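Trainee: Structure supplied as entry_14.cif; contents: mmCIF, C-alpha atoms.
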data_entry
#
loop_
_atom_site.group_PDB
_atom_site.id
_atom_site.type_symbol
_atom_site.label_atom_id
_atom_site.label_comp_id
_atom_site.auth_asym_id
_atom_site.auth_seq_id
_atom_site.Cartn_x
_atom_site.Cartn_y
_atom_site.Cartn_z
ATOM 1 C CA MET X 62 -15.526 -7.208 9.557
ATOM 2 C CA LYS X 63 -18.478 -5.187 10.838
ATOM 3 C CA GLN X 64 -20.825 -6.582 8.210
ATOM 4 C CA TYR X 65 -19.536 -10.141 8.553
ATOM 5 C CA THR X 66 -19.691 -10.297 12.356
ATOM 6 C CA ALA X 67 -23.178 -8.736 12.330
ATOM 7 C CA ALA X 68 -24.335 -11.668 10.199
ATOM 8 C CA CYS X 69 -22.208 -14.345 11.905
ATOM 9 C CA LYS X 70 -22.561 -13.486 15.566
ATOM 10 C CA ASP X 71 -20.846 -16.666 16.795
ATOM 11 C CA VAL X 72 -17.555 -15.811 15.031
ATOM 12 C CA GLN X 73 -15.112 -13.370 16.603
ATOM 13 C CA ILE X 74 -12.437 -11.744 14.425
ATOM 14 C CA ASN X 75 -9.784 -9.530 15.972
ATOM 15 C CA TYR X 76 -7.908 -7.005 13.835
ATOM 16 C CA ASN X 77 -4.608 -5.611 15.060
ATOM 17 C CA PRO X 78 -3.140 -2.905 12.732
ATOM 18 C CA THR X 79 0.505 -3.456 13.647
ATOM 19 C CA GLY X 80 1.915 -3.083 10.094
ATOM 20 C CA SER X 81 2.721 -5.690 7.444
ATOM 21 C CA GLY X 82 6.045 -6.792 8.935
ATOM 22 C CA ALA X 83 4.604 -7.508 12.376
ATOM 23 C CA GLY X 84 1.551 -9.184 10.821
ATOM 24 C CA ILE X 85 3.628 -11.643 8.807
ATOM 25 C CA THR X 86 5.793 -12.416 11.851
ATOM 26 C CA ALA X 87 2.687 -13.147 13.945
ATOM 27 C CA PHE X 88 1.419 -15.497 11.223
ATOM 28 C CA THR X 89 4.704 -17.384 10.761
ATOM 29 C CA GLN X 90 4.922 -17.793 14.557
ATOM 30 C CA GLY X 91 1.473 -19.381 14.622
ATOM 31 C CA GLN X 92 -0.177 -16.590 16.620
ATOM 32 C CA THR X 93 -2.906 -15.844 14.038
ATOM 33 C CA ALA X 94 -5.070 -17.899 11.662
ATOM 34 C CA PHE X 95 -4.210 -15.542 8.799
ATOM 35 C CA ALA X 96 -2.526 -12.176 8.272
ATOM 36 C CA GLY X 97 -2.948 -9.106 6.117
ATOM 37 C CA SER X 98 0.052 -7.566 4.359
ATOM 38 C CA ASP X 99 0.599 -4.882 1.757
ATOM 39 C CA SER X 100 3.575 -6.901 0.479
ATOM 40 C CA ALA X 101 3.653 -10.469 -0.786
ATOM 41 C CA LEU X 102 5.632 -13.043 1.195
ATOM 42 C CA LYS X 103 9.391 -13.119 0.636
ATOM 43 C CA PRO X 104 11.095 -16.528 0.112
ATOM 44 C CA ASP X 105 12.384 -16.648 3.708
ATOM 45 C CA GLU X 106 8.883 -15.850 5.007
ATOM 46 C CA VAL X 107 7.407 -18.675 2.903
ATOM 47 C CA GLU X 108 10.049 -20.976 4.412
ATOM 48 C CA ALA X 109 9.141 -19.821 7.939
ATOM 49 C CA SER X 110 5.432 -20.417 7.238
ATOM 50 C CA LYS X 111 6.056 -24.131 6.607
ATOM 51 C CA LYS X 112 6.601 -24.571 10.346
ATOM 52 C CA VAL X 113 2.974 -23.572 11.061
ATOM 53 C CA CYS X 114 1.297 -24.814 7.841
ATOM 54 C CA THR X 115 1.399 -28.623 8.278
ATOM 55 C CA ASP X 116 2.497 -30.122 4.917
ATOM 56 C CA GLY X 117 1.745 -26.768 3.308
ATOM 57 C CA GLN X 118 2.942 -23.161 3.159
ATOM 58 C CA GLY X 119 1.744 -19.572 3.364
ATOM 59 C CA ILE X 120 0.213 -18.155 0.169
ATOM 60 C CA ASP X 121 -0.728 -14.625 -0.935
ATOM 61 C CA LEU X 122 -4.355 -13.852 -1.805
ATOM 62 C CA PRO X 123 -4.819 -10.350 -3.315
ATOM 63 C CA MET X 124 -7.996 -9.061 -1.684
ATOM 64 C CA VAL X 125 -7.939 -5.249 -1.585
ATOM 65 C CA GLY X 126 -6.286 -2.589 -3.728
ATOM 66 C CA GLY X 127 -5.829 1.094 -3.426
ATOM 67 C CA PRO X 128 -3.760 4.156 -4.133
ATOM 68 C CA ILE X 129 -0.884 5.243 -1.941
ATOM 69 C CA ALA X 130 -1.584 8.932 -1.658
ATOM 70 C CA VAL X 131 1.201 11.453 -1.192
ATOM 71 C CA GLY X 132 -0.237 13.973 1.250
ATOM 72 C CA PHE X 133 1.160 17.495 1.659
ATOM 73 C CA ASN X 134 0.646 20.545 3.850
ATOM 74 C CA VAL X 135 1.903 23.686 2.118
ATOM 75 C CA PRO X 136 0.082 26.896 3.126
ATOM 76 C CA GLY X 137 -1.485 28.631 0.132
ATOM 77 C CA VAL X 138 -1.050 25.618 -2.181
ATOM 78 C CA ASP X 139 -4.180 23.555 -2.875
ATOM 79 C CA THR X 140 -3.068 21.648 -5.977
ATOM 80 C CA LEU X 141 0.378 20.152 -6.435
ATOM 81 C CA ALA X 142 1.799 17.964 -9.219
ATOM 82 C CA LEU X 143 5.033 16.002 -8.784
ATOM 83 C CA ASP X 144 6.814 13.359 -10.849
ATOM 84 C CA ALA X 145 8.844 10.369 -9.670
ATOM 85 C CA PRO X 146 12.327 11.976 -9.931
ATOM 86 C CA THR X 147 11.183 15.011 -7.920
ATOM 87 C CA LEU X 148 9.519 12.828 -5.285
ATOM 88 C CA ALA X 149 12.655 10.702 -5.044
ATOM 89 C CA LYS X 150 14.798 13.813 -4.451
ATOM 90 C CA ILE X 151 12.345 15.158 -1.851
ATOM 91 C CA PHE X 152 12.355 11.901 0.141
ATOM 92 C CA ASP X 153 16.121 11.546 -0.252
ATOM 93 C CA ASN X 154 16.698 15.051 1.194
ATOM 94 C CA LYS X 155 18.082 16.372 -2.129
ATOM 95 C CA ILE X 156 15.244 18.898 -2.596
ATOM 96 C CA THR X 157 14.682 20.732 0.675
ATOM 97 C CA LYS X 158 12.549 23.832 -0.112
ATOM 98 C CA TRP X 159 9.018 24.007 -1.510
ATOM 99 C CA ASN X 160 9.984 26.738 -4.003
ATOM 100 C CA ASP X 161 12.737 24.578 -5.529
ATOM 101 C CA PRO X 162 12.976 25.078 -9.342
ATOM 102 C CA ALA X 163 12.141 21.389 -9.976
ATOM 103 C CA ILE X 164 8.818 21.738 -8.119
ATOM 104 C CA ALA X 165 8.121 25.150 -9.687
ATOM 105 C CA LYS X 166 8.649 23.730 -13.194
ATOM 106 C CA LEU X 167 5.900 21.138 -12.605
ATOM 107 C CA ASN X 168 3.533 23.716 -11.073
ATOM 108 C CA SER X 169 3.582 26.828 -13.223
ATOM 109 C CA GLY X 170 1.486 29.598 -11.719
ATOM 110 C CA ALA X 171 1.506 28.142 -8.203
ATOM 111 C CA ASP X 172 2.579 30.435 -5.364
ATOM 112 C CA LEU X 173 5.212 28.150 -3.806
ATOM 113 C CA PRO X 174 6.584 29.445 -0.485
ATOM 114 C CA ASP X 175 10.221 29.571 0.611
ATOM 115 C CA LEU X 176 9.433 26.907 3.209
ATOM 116 C CA LYS X 177 11.480 23.930 4.418
ATOM 117 C CA ILE X 178 10.164 20.533 3.281
ATOM 118 C CA GLN X 179 9.411 18.200 6.195
ATOM 119 C CA ALA X 180 9.387 14.692 4.674
ATOM 120 C CA PHE X 181 7.946 11.969 6.916
ATOM 121 C CA HIS X 182 8.375 8.219 6.462
ATOM 122 C CA ARG X 183 7.215 5.184 8.447
ATOM 123 C CA SER X 184 9.265 4.169 11.489
ATOM 124 C CA ASP X 185 7.807 0.634 11.523
ATOM 125 C CA GLU X 186 8.162 -2.096 8.891
ATOM 126 C CA SER X 187 5.468 -1.329 6.375
ATOM 127 C CA GLY X 188 4.079 -2.726 3.142
ATOM 128 C CA THR X 189 3.144 0.849 2.242
ATOM 129 C CA THR X 190 6.830 1.795 2.438
ATOM 130 C CA ASP X 191 7.678 -1.300 0.367
ATOM 131 C CA ASN X 192 5.269 -0.307 -2.417
ATOM 132 C CA PHE X 193 6.154 3.401 -2.294
ATOM 133 C CA THR X 194 9.896 2.644 -2.617
ATOM 134 C CA LYS X 195 9.181 0.105 -5.384
ATOM 135 C CA TYR X 196 7.492 2.943 -7.266
ATOM 136 C CA LEU X 197 10.425 5.313 -6.708
ATOM 137 C CA LYS X 198 12.933 2.651 -7.795
ATOM 138 C CA ALA X 199 10.934 1.686 -10.901
ATOM 139 C CA ALA X 200 9.953 5.196 -12.022
ATOM 140 C CA ALA X 201 13.082 7.148 -10.956
ATOM 141 C CA PRO X 202 15.993 4.664 -10.889
ATOM 142 C CA LYS X 203 18.640 7.384 -11.350
ATOM 143 C CA ASP X 204 17.360 9.361 -8.360
ATOM 144 C CA TRP X 205 16.417 6.552 -5.963
ATOM 145 C CA LYS X 206 19.504 4.488 -5.180
ATOM 146 C CA TYR X 207 17.995 2.375 -2.387
ATOM 147 C CA GLU X 208 16.550 -1.115 -2.602
ATOM 148 C CA PRO X 209 12.790 -1.241 -2.047
ATOM 149 C CA GLY X 210 11.667 -2.851 1.195
ATOM 150 C CA LYS X 211 9.402 -2.617 4.219
ATOM 151 C CA SER X 212 12.056 -0.702 6.168
ATOM 152 C CA TRP X 213 12.960 2.884 5.192
ATOM 153 C CA GLU X 214 16.538 2.973 3.806
ATOM 154 C CA ALA X 215 17.119 6.620 2.865
ATOM 155 C CA GLU X 216 18.809 8.964 5.317
ATOM 156 C CA GLY X 217 17.293 12.176 6.624
ATOM 157 C CA GLY X 218 13.637 12.992 6.964
ATOM 158 C CA GLN X 219 11.497 12.301 10.009
ATOM 159 C CA SER X 220 9.532 9.232 10.979
ATOM 160 C CA ALA X 221 6.257 8.313 12.652
ATOM 161 C CA GLN X 222 4.532 5.064 13.601
ATOM 162 C CA GLY X 223 1.871 3.650 11.287
ATOM 163 C CA SER X 224 -0.135 5.233 8.488
ATOM 164 C CA SER X 225 -2.176 7.147 11.046
ATOM 165 C CA GLY X 226 1.046 8.529 12.554
ATOM 166 C CA VAL X 227 2.505 9.935 9.338
ATOM 167 C CA ALA X 228 -0.905 11.253 8.246
ATOM 168 C CA GLN X 229 -1.251 13.074 11.559
ATOM 169 C CA GLN X 230 2.201 14.656 11.089
ATOM 170 C CA VAL X 231 1.210 15.956 7.640
ATOM 171 C CA LYS X 232 -1.961 17.414 9.063
ATOM 172 C CA GLN X 233 -0.247 19.322 11.867
ATOM 173 C CA THR X 234 3.152 20.234 10.336
ATOM 174 C CA ASN X 235 3.631 23.159 7.940
ATOM 175 C CA GLY X 236 5.722 22.052 4.960
ATOM 176 C CA ALA X 237 5.090 18.342 5.572
ATOM 177 C CA ILE X 238 4.812 15.588 2.970
ATOM 178 C CA SER X 239 4.345 11.841 3.414
ATOM 179 C CA TYR X 240 2.775 8.715 1.905
ATOM 180 C CA PHE X 241 -0.158 6.581 3.149
ATOM 181 C CA GLU X 242 -3.211 4.770 1.872
ATOM 182 C CA LEU X 243 -5.781 7.148 0.417
ATOM 183 C CA SER X 244 -8.262 6.418 3.229
ATOM 184 C CA TYR X 245 -5.923 8.201 5.671
ATOM 185 C CA ALA X 246 -6.188 11.381 3.573
ATOM 186 C CA ALA X 247 -9.952 11.547 4.014
ATOM 187 C CA ASP X 248 -9.644 13.946 6.954
ATOM 188 C CA GLY X 249 -8.884 17.091 4.962
ATOM 189 C CA ILE X 250 -5.322 16.277 3.790
ATOM 190 C CA LYS X 251 -4.493 17.458 0.269
ATOM 191 C CA THR X 252 -2.883 14.895 -2.048
ATOM 192 C CA VAL X 253 -0.318 15.216 -4.829
ATOM 193 C CA ASP X 254 -1.271 14.598 -8.486
ATOM 194 C CA ILE X 255 1.371 12.330 -10.024
ATOM 195 C CA LYS X 256 2.918 13.213 -13.381
ATOM 196 C CA THR X 257 3.291 10.054 -15.490
ATOM 197 C CA GLU X 258 3.821 9.430 -19.207
ATOM 198 C CA ALA X 259 0.167 10.395 -19.706
ATOM 199 C CA THR X 260 -0.657 13.926 -20.852
ATOM 200 C CA GLU X 261 -2.250 15.037 -17.554
ATOM 201 C CA PRO X 262 -1.060 14.481 -13.952
ATOM 202 C CA VAL X 263 -3.133 11.735 -12.336
ATOM 203 C CA LYS X 264 -5.141 12.225 -9.147
ATOM 204 C CA ALA X 265 -5.090 9.669 -6.318
ATOM 205 C CA THR X 266 -8.576 8.143 -6.622
ATOM 206 C CA ILE X 267 -10.036 4.640 -6.257
ATOM 207 C CA GLU X 268 -10.972 4.532 -9.953
ATOM 208 C CA ASN X 269 -7.483 5.593 -11.080
ATOM 209 C CA ALA X 270 -5.888 2.970 -8.819
ATOM 210 C CA THR X 271 -8.157 0.234 -10.173
ATOM 211 C CA ALA X 272 -7.115 1.236 -13.703
ATOM 212 C CA ALA X 273 -3.469 0.642 -12.760
ATOM 213 C CA ILE X 274 -4.088 -2.614 -10.829
ATOM 214 C CA GLY X 275 -5.972 -3.994 -13.845
ATOM 215 C CA ALA X 276 -2.619 -4.144 -15.656
ATOM 216 C CA ALA X 277 -1.003 -6.284 -12.904
ATOM 217 C CA LYS X 278 0.244 -9.793 -13.676
ATOM 218 C CA VAL X 279 -0.028 -12.860 -11.403
ATOM 219 C CA VAL X 280 3.558 -13.983 -10.743
ATOM 220 C CA GLY X 281 2.921 -16.383 -7.834
ATOM 221 C CA THR X 282 3.230 -20.118 -8.456
ATOM 222 C CA GLY X 283 0.742 -22.829 -7.577
ATOM 223 C CA LYS X 284 -1.999 -21.442 -5.354
ATOM 224 C CA ASP X 285 0.010 -18.305 -4.585
ATOM 225 C CA LEU X 286 -1.513 -15.276 -6.358
ATOM 226 C CA ALA X 287 1.164 -12.615 -5.742
ATOM 227 C CA LEU X 288 0.941 -9.809 -8.319
ATOM 228 C CA GLU X 289 3.515 -7.788 -10.209
ATOM 229 C CA LEU X 290 2.361 -4.174 -10.460
ATOM 230 C CA ASP X 291 3.171 -1.703 -13.244
ATOM 231 C CA TYR X 292 4.614 1.399 -11.543
ATOM 232 C CA THR X 293 5.171 3.287 -14.820
ATOM 233 C CA PRO X 294 1.791 3.220 -16.602
ATOM 234 C CA SER X 295 1.300 5.422 -19.644
ATOM 235 C CA ALA X 296 -2.493 5.093 -19.860
ATOM 236 C CA GLU X 297 -4.514 8.225 -19.144
ATOM 237 C CA GLY X 298 -5.935 8.177 -15.617
ATOM 238 C CA ALA X 299 -3.834 5.250 -14.347
ATOM 239 C CA TYR X 300 -2.484 6.223 -10.912
ATOM 240 C CA PRO X 301 0.986 4.704 -10.587
ATOM 241 C CA ILE X 302 1.532 4.443 -6.810
ATOM 242 C CA VAL X 303 -0.730 1.573 -5.817
ATOM 243 C CA LEU X 304 -0.618 -1.260 -3.369
ATOM 244 C CA VAL X 305 -2.396 -4.563 -3.101
ATOM 245 C CA THR X 306 -3.266 -5.933 0.316
ATOM 246 C CA TYR X 307 -2.858 -9.694 0.496
ATOM 247 C CA GLU X 308 -4.515 -12.021 2.952
ATOM 248 C CA ILE X 309 -1.828 -14.535 3.894
ATOM 249 C CA VAL X 310 -3.007 -17.993 4.873
ATOM 250 C CA CYS X 311 -1.837 -21.625 4.774
ATOM 251 C CA ASP X 312 -2.772 -23.385 1.517
ATOM 252 C CA LYS X 313 -3.097 -26.555 3.605
ATOM 253 C CA GLY X 314 -2.341 -27.505 7.171
ATOM 254 C CA ASN X 315 -4.526 -24.791 8.702
ATOM 255 C CA LYS X 316 -5.560 -25.290 12.345
ATOM 256 C CA ALA X 317 -8.771 -27.320 12.470
ATOM 257 C CA ASP X 318 -10.428 -25.041 15.034
ATOM 258 C CA THR X 319 -9.996 -21.837 12.988
ATOM 259 C CA LEU X 320 -10.199 -23.169 9.380
ATOM 260 C CA PRO X 321 -14.016 -22.981 8.979
ATOM 261 C CA ALA X 322 -14.160 -19.357 10.193
ATOM 262 C CA THR X 323 -11.085 -18.408 8.118
ATOM 263 C CA LYS X 324 -12.598 -19.822 4.915
ATOM 264 C CA SER X 325 -15.963 -18.249 5.681
ATOM 265 C CA PHE X 326 -14.571 -14.764 6.367
ATOM 266 C CA LEU X 327 -12.079 -14.737 3.464
ATOM 267 C CA GLY X 328 -14.838 -16.079 1.211
ATOM 268 C CA TYR X 329 -17.043 -13.152 2.239
ATOM 269 C CA MET X 330 -14.214 -10.649 1.609
ATOM 270 C CA ALA X 331 -13.761 -12.055 -1.893
ATOM 271 C CA SER X 332 -17.504 -12.172 -2.619
ATOM 272 C CA GLU X 333 -19.284 -9.607 -4.770
ATOM 273 C CA GLU X 334 -20.884 -8.099 -1.666
ATOM 274 C CA GLY X 335 -17.568 -7.924 0.201
ATOM 275 C CA GLN X 336 -15.723 -6.369 -2.724
ATOM 276 C CA ALA X 337 -18.537 -3.897 -3.389
ATOM 277 C CA SER X 338 -18.126 -2.415 0.103
ATOM 278 C CA LEU X 339 -14.449 -1.498 -0.433
ATOM 279 C CA ALA X 340 -14.904 1.732 -2.393
ATOM 280 C CA ASP X 341 -16.942 3.271 0.461
ATOM 281 C CA ALA X 342 -13.898 2.759 2.714
ATOM 282 C CA GLY X 343 -11.457 4.333 0.248
ATOM 283 C CA TYR X 344 -10.127 1.109 -1.294
ATOM 284 C CA ALA X 345 -10.335 -0.537 -4.704
ATOM 285 C CA PRO X 346 -11.949 -3.896 -5.479
ATOM 286 C CA MET X 347 -9.786 -6.473 -7.229
ATOM 287 C CA PRO X 348 -10.221 -6.878 -11.004
ATOM 288 C CA GLN X 349 -12.698 -9.654 -11.877
ATOM 289 C CA GLU X 350 -10.110 -12.028 -13.341
ATOM 290 C CA ILE X 351 -8.009 -11.906 -10.155
ATOM 291 C CA ILE X 352 -10.825 -12.113 -7.575
ATOM 292 C CA THR X 353 -12.298 -15.164 -9.357
ATOM 293 C CA LYS X 354 -9.014 -17.011 -8.756
ATOM 294 C CA VAL X 355 -9.001 -15.847 -5.123
ATOM 295 C CA ARG X 356 -12.507 -17.269 -4.571
ATOM 296 C CA GLU X 357 -11.478 -20.644 -6.018
ATOM 297 C CA THR X 358 -8.341 -20.745 -3.832
ATOM 298 C CA VAL X 359 -10.229 -19.844 -0.631
ATOM 299 C CA ALA X 360 -12.774 -22.601 -1.300
ATOM 300 C CA GLY X 361 -9.907 -25.129 -1.565
ATOM 301 C CA LEU X 362 -8.081 -24.210 1.657
ATOM 302 C CA SER X 363 -7.613 -27.216 3.938
#
Any chance you could give the structure as structure tokens?

Mentor:
Amino acid sequence: MKQYTAACKDVQINYNPTGSGAGITAFTQGQTAFAGSDSALKPDEVEASKKVCTDGQGIDLPMVGGPIAVGFNVPGVDTLALDAPTLAKIFDNKITKWNDPAIAKLNSGADLPDLKIQAFHRSDESGTTDNFTKYLKAAAPKDWKYEPGKSWEAEGGQSAQGSSGVAQQVKQTNGAISYFELSYAADGIKTVDIKTEATEPVKATIENATAAIGAAKVVGTGKDLALELDYTPSAEGAYPIVLVTYEIVCDKGNKADTLPATKSFLGYMASEEGQASLADAGYAPMPQEIITKVRETVAGLS
């Protein structure tokens, strides 16, 4: 946005980080020209979008990727590896102490304290929650009994508003653990290495997230480019807890007064220059095959 509005001074773009659920609602109610969401549209949301997209519907354009980091604050512990079953039990209140045998087994040699685990989840509807619970369900189905979704289903734990809210709780609470986009961990929060089928636990990095997103499949129909992610990769260095941020826009029937600016801005986001700036902000560019389709779709919006 900063780079685009510096170049296009006559265009004003307002960003309101209310969470994916609120963003989609604002779009389907006609309050915004487009929305950003870390989850693709559900069938009922597509149906709702037809009221504001004249003779068209809302579509998902994958624009930004990135790892969902699991941040922790355990005094005396700098490196921590966890697998999906252990994470599922922690966030389902089944493992409640940091020196639990399941955690100790994955971290031989670590000095784990007899400290209560303070697990934080999002209080608002969140695409990050949706993707994190999709990972738990896919990678630890026996230990995570809840259906994935934007709203937190498990009982217990504590909640905070927005990614910045849960990240702040991890930073200031001894024994805390939570999940958020990697960019929110930039301020000194330590992140968990995730044990997968690969030989070594995988760190939450942009490169490792891109490796995992590269294996995603387009499952949307028509102009919709919703992706199906692989939450159980076996490749070395593929970080399994990733999300894709979609820009959600009408395929046709966009408002005439905002369509030129919408196409221009989304076109810039999908451009080589726009994608190249993502890594500096802690996010992953889309794989070439996917972003090429996004560029074609943006050019055809009407």

Trainee: Could you tell me which of X:Gln118, X:Ser212, X:Gln219, X:Asn134 comes closest to Asn154 in chain X if we count all atoms listed in the file?

Mentor: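 That would be X:Gln219, the residue with the smallest distance to Asn154 in chain X.
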
Trainee: Identify all residues satisfying the PyMOL selection byres ((chain X and resi 200) around 8) in the given file; provide them as a ChimeraX atom specification.

Mentor: /X:145-146,196-199,201-202,292-293

Trainee: To one decimal in Å, tell me the separation between CA of Gly218 in chain X and CA of Gly132 in chain X.

Mentor: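 Separation of CA of Gly218 in chain X and CA of Gly132 in chain X: 15.0 Å.
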
Trainee: As an MDAnalysis selection string, please: the residues near range 342-350 of chain X (cut-off 12 Å, all atoms listed in the file, same-chain neighbours under 4 positions excluded).

Mentor: chainID X and resid 122:130 241:248 265:279 286 288 303:307 330:338 354:357

Trainee: How many Å lie between CA of Thr194 in chain X and CA of Ala149 in chain X, rounded to one decimal?

Mentor: 8.9 Å

Trainee: Just how far from CA of Val310 in chain X is CA of Phe95 in chain X, in Å to one decimal?

Mentor: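 These two atoms are separated by 4.8 Å.
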
Trainee: If the PyMOL selection byres ((chain X and resi 111) around 12) were run on this exact file, what residues would it hold? Put them as a list in words.

Mentor: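 So the PyMOL selection byres ((chain X and resi 111) around 12) ends up selecting Phe88, Thr89, Gln90, Gly91, Pro104, Asp105, Glu106, Val107, Glu108, Ala109, Ser110, Lys112, Val113, Cys114, Thr115, Asp116, Gly117, Gln118, Gly119, Ile120, Val310, Cys311, Asp312, Lys313, Gly314 and Asn315 of chain X.
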
Trainee: Could you list the residues chosen by the PyMOL selection byres ((chain X and resi 98) around 9) in this structure as a PyMOL selection string?

Mentor: chain X and resi 80-82+84-85+96-97+99-102+121+187-188+305-309

Trainee: Would you give the centre and edge lengths, in Å to one decimal, of a box along x, y and z around the listed atoms of range 185-196 of chain X, with 4 Å added to each side, as JSON?

Mentor:
{"center_x": 6.5, "center_y": 0.3, "center_z": 2.1, "size_x": 14.8, "size_y": 14.1, "size_z": 26.8}

Trainee: Can you pull out every residue within 10 Å of Phe181 in chain X, counting only C-alpha atoms, but drop anything in the same chain fewer than 5 positions away, and send it as number ranges by chain?

Mentor: X: 152, 217-221, 226-228, 230-231, 237-240

Trainee: Can you list, as a ChimeraX atom specification, every protein, DNA or RNA residue that comes within 8 Å of Lys316 in chain X when you count only C-alpha atoms, leaving out same-chain residues fewer than 3 positions away?

Mentor: /X:94,319-320
